[in-house]
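Everything below concerns the one structure shown next.
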Protein chains: 2
Amino acid sequence: MALKRNIESIVVNGASMFLPSVSVDCVIFGFHDNEMKVLLLQMKHTDEYGLPGGFVLKDEALDAAATRVLQERTGLTDIFLQQFATFGEPKRSDKKFHLKAMKKEGITIDKNNWLLQRFITVGYYALVDFSKVIPKIDELSIGCSWFHLQNVPTLMMDHNLILNKALETMQQQINHQPIGYNLLPQKFTMPELQKLYEAILNKKLDRRNFQRKILVYGILKKLKEVKQGVAHKAPFLYSFDIKKYNQALKNGYTGGW
Amino acid sequence: MALKRNIESIVVNGASMFLPSVSVDCVIFGFHDNEMKVLLLQMKHTDEYGLPGGFVLKDEALDAAATRVLQERTGLTDIFLQQFATFGEPKRSDKKFHLKAMKKEGITIDKNNWLLQRFITVGYYALVDFSKVIPKIDELSIGCSWFHLQNVPTLMMDHNLILNKALETMQQQINHQPIGYNLLPQKFTMPELQKLYEAILNKKLDRRNFQRKILVYGILKKLKEVKQGVAHKAPFLYSFDIKKYNQALKNGYTGGW
DNA sequence: ACAAAAGTGTTACTTTTACACCCATGA
DNA sequence: TCATGGGTGTAAAAGTAACACTTTTGT
């Protein structure tokens with residue numbers, strides 16, 4: 001039972017490997033079928049759903065830990081990752097979950113084991129290219145798959161809260177920063193980009209006004225090609241002007257005082 | 001030496017009192033003399049300056065820990081506090097500081113003492129009524145006083161980074177949320193409020209446009225009094241319509257998509 | 001009487017919203 | 001040929017920016 005040994009090793013050696021009390025959780029967003037999706041794990045033993053998360057190595061930056069979690073669950077490196085909040089209610093920790101899980105694994109765990117201590121968690125959200133993701137379960141889960149945002153089940157612990165906060169943050173940031181480079185294929189159409197915005201904001205936008213506004217930002221390059229093999233009139237393809245895109249990412253769009 | 005014993009007790013008992021690896025730091029803003037000020041500590045032994053901070057009790061929420069730190073340094077309860085970011089570079093921890101300080105205190109500290117471990121810190125910013133604050137030093141500092149924002153010295157560890165991030169966050173939020181209730185006396189004049197905005201944003205605003213815009217938010221009540229004992233024409237006094245103010249705090253002003 | 005700060009309104013400009021017709025394509 | 005979705009412009013409305021004169025008060 002390699003898996004069991006793996007878990008056992010974490011339970012036993014975790015205290016010496018990881019920064020105590022701290023975890024990271026990742027809200028991984030993807031875009032597919034004109035819908036925003038989020039990547040969730042289904043837990044072994046309890047069957048609850050939850051966000052992909054992990055612990056922080058003793059000498060690892062928080063951002064690096066989140067990047068690692070992301071890499072492990074999606075196979076992707078080099079994605080857009082943003083810290084958005086830290087959750088630290090004492091009651092948010094769920095000792096019962098680990099106790100139950102370990103019992104079912106047949107692993108004895110001491111009451112004072114590091115895993116059963118209180119944890120605070122640093123929330124990150126990630127924007128990834130749905131089509132490039134190969135979801136992978138971790139040791140404690142039996143499923144890792146995409147859920148439509150409107151269709152997210154009840155999650156373990158405070159993960160619904162974390163997910164909602166991530167979504168709110170992204171909805172805010174969309175007003176100050178470009179978005180989409182990490183969510184869309186390299187070439188995309190204006191209607192696709194609009195659908196992305198609509199999915200994130202969960203509301204309809206006017207086609208003409210959307211196009212005008214987004215073009216003014218100056219982050220798009222209109223290509224000379226049109227999308228092939230579509231029904232109806234073929235829409236033009238665009239790509240991001242990555243230089244200006246990154247500039248806008250850094251400086252924001254402004255507005256306000 | 002009551003003080004030494006106090007510190008010693010923290011060094012010795014901290015591991016059982018506090019959540020390991022986690023601290024909070026508070027960027028405490030006040031407004032005085034038409035300037036934004038920030039409350040800084042000067043450290044004993046090293047003379048470095050730093051942000052007021054503290055550790056999180058084993059069963060204490062992060063927010064509660066920040067509130068406690070604030071209360072201890074300013075005497076104030078019930079202030080505006082906002083979490084803005086969490087800092088977790090491994091190299092941000094400064095073992096030397098504690099080692100040096102404890103040595104000078106004449107306290108022996110073990111290399112594995114909890115204080116010398118790596119810490120991540122959760123940043124909060126607070127907006128307080130300058131005139132109501134009675135700065136109090138803590139066990140490890142010899143000074144606690146206000147600094148003009150344009151005049152902040154080099155701070156210990158990554159505290160300059162934390163301070164700048166707090167300021168940036170506040171400058172962003174001022175566009176979406178009302179501000180001032182916690183920074184101004186109950187009754188204030190329009191020019192005073194404008195000076196506050198100018199101090200936060202670090203730029204001049206047009207008097208007439210400022211007044212119009214802020215009035216449209218509907219969070220101000222114009223009083224029938226004018227400010228007494230001032231040179232020149234007496235300005236009207238205003239106060240916040242606290243109900244609408246809090247509503248705006250919750251819902252934000254919108255703008256954007 | 002004058003210097004210094006506060007009160008107040010209008011106009012031009014920019015941004016946002018609402019809205020409709022023609023075009024290309026696959027079925 | 002028609003149903004569907006994509007391309008495009010304009011006019012009204014709202015919001016923002018620029019700007020100057022009058023009032024009050026203390027000295």
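In the structure tokens, chains take the letters A, B, ... in the order shown, each chain's residues start at 1, and ligands count up from 1 in the order shown.
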
Exercise for review: Identify every residue of chain A that has at least one atom within 10 Å of any atom of chain B, counting only C-alpha atoms, and report the result as a VMD selection string.
Suggested key: chain A and resid 19 to 22 56 to 64 83 to 92 117 to 120 122 to 123 171 to 176 197 to 198 201 203 205 210 213 254 to 257

Exercise for review: List the neighbours of DG15 in chain D out to 12 Å using only C-alpha atoms (C1' of nucleotides); skip same-chain residues closer than 2 positions along the sequence, and give me the result as an NGL selection string.
Suggested key: (:A and (256)) or (:B and (209 or 212-213 or 216 or 255)) or (:C and (13-16)) or (:D and (13 or 17))

Store the residues picked out above, limited to C-alpha atoms (C1' of nucleotides), as a tab-separated table (two decimals), in the first residue's frame.
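Output below, filename selection_15.tsv:
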```tsv
chain	number	residue	atom	x	y	z
A	256	GLY	CA	-11.88	56.97	-9.70
B	209	ASN	CA	-15.85	68.89	-8.08
B	212	ARG	CA	-20.28	67.62	-5.77
B	213	LYS	CA	-18.99	64.11	-6.10
B	216	VAL	CA	-23.81	62.57	-4.56
B	255	GLY	CA	-18.59	51.66	-11.21
C	13	DC	C1'	-15.70	67.25	-22.87
C	14	DT	C1'	-15.71	62.36	-22.08
C	15	DT	C1'	-17.82	58.21	-21.04
C	16	DT	C1'	-21.67	55.33	-20.91
D	13	DA	C1'	-27.77	60.79	-21.11
D	17	DA	C1'	-13.17	68.25	-15.68
```

Could you list, with a cut-off of 9 Å and counting only C-alpha atoms (C1' of nucleotides), the residues of chain A near chain C, each shown with its nearest atom pair and the distance in Å rounded to one decimal, rows sorted by chain and ascending number, as a tab-separated table?
```
residue	atom	partner	partner_atom	distance
A:Asn209	CA	C:DT17	C1'	8.2
A:Val230	CA	C:DT25	C1'	8.0
A:Ala231	CA	C:DG26	C1'	5.4
A:His232	CA	C:DT25	C1'	4.0
A:Lys233	CA	C:DA24	C1'	4.3
A:Ala234	CA	C:DA24	C1'	7.1
```

Practice item. From a DSSP calculation on the backbone, collect every residue of range 20-237 of chain A in alpha helix (DSSP H) and output the set as a ChimeraX atom specification. Key: /A:62-74,95-105,159-173,190-201,207-216

Review point. Got a sec to pull out which chain D residues are within 12 Å of chain A, counting only C-alpha atoms (C1' of nucleotides), and send them as a list in words?
Key: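 Interface list for chain D against chain A: DC2, DA3, DT4, DG5, DG6, DG7, DT8, DG9, DT10, DG15, DT16 and DA17 of chain D.
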
**Study point:** Per-residue DSSP, range 46-234 of chain B, filtered to strand (DSSP E or B), as a PyMOL selection string
**Key:** chain B and resi 49-50+53-57+80-87+120-127+141-148+155+188-189+220-226

Review point. Separation of CA of Lys4 in chain A and CA of Gly143 in chain A, in Å?
Key: 17.2 Å

Point to revise | CA of Val27 in chain A to CA of Asn251 in chain B, distance in Å rounded to a single decimal | key: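 Result for CA of Val27 in chain A versus CA of Asn251 in chain B: 23.5 Å, one decimal.
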
Check your understanding: What gap, in Å, lies between CA of Ser239 in chain A and CA of Gly30 in chain A?
Key -> 18.0 Å
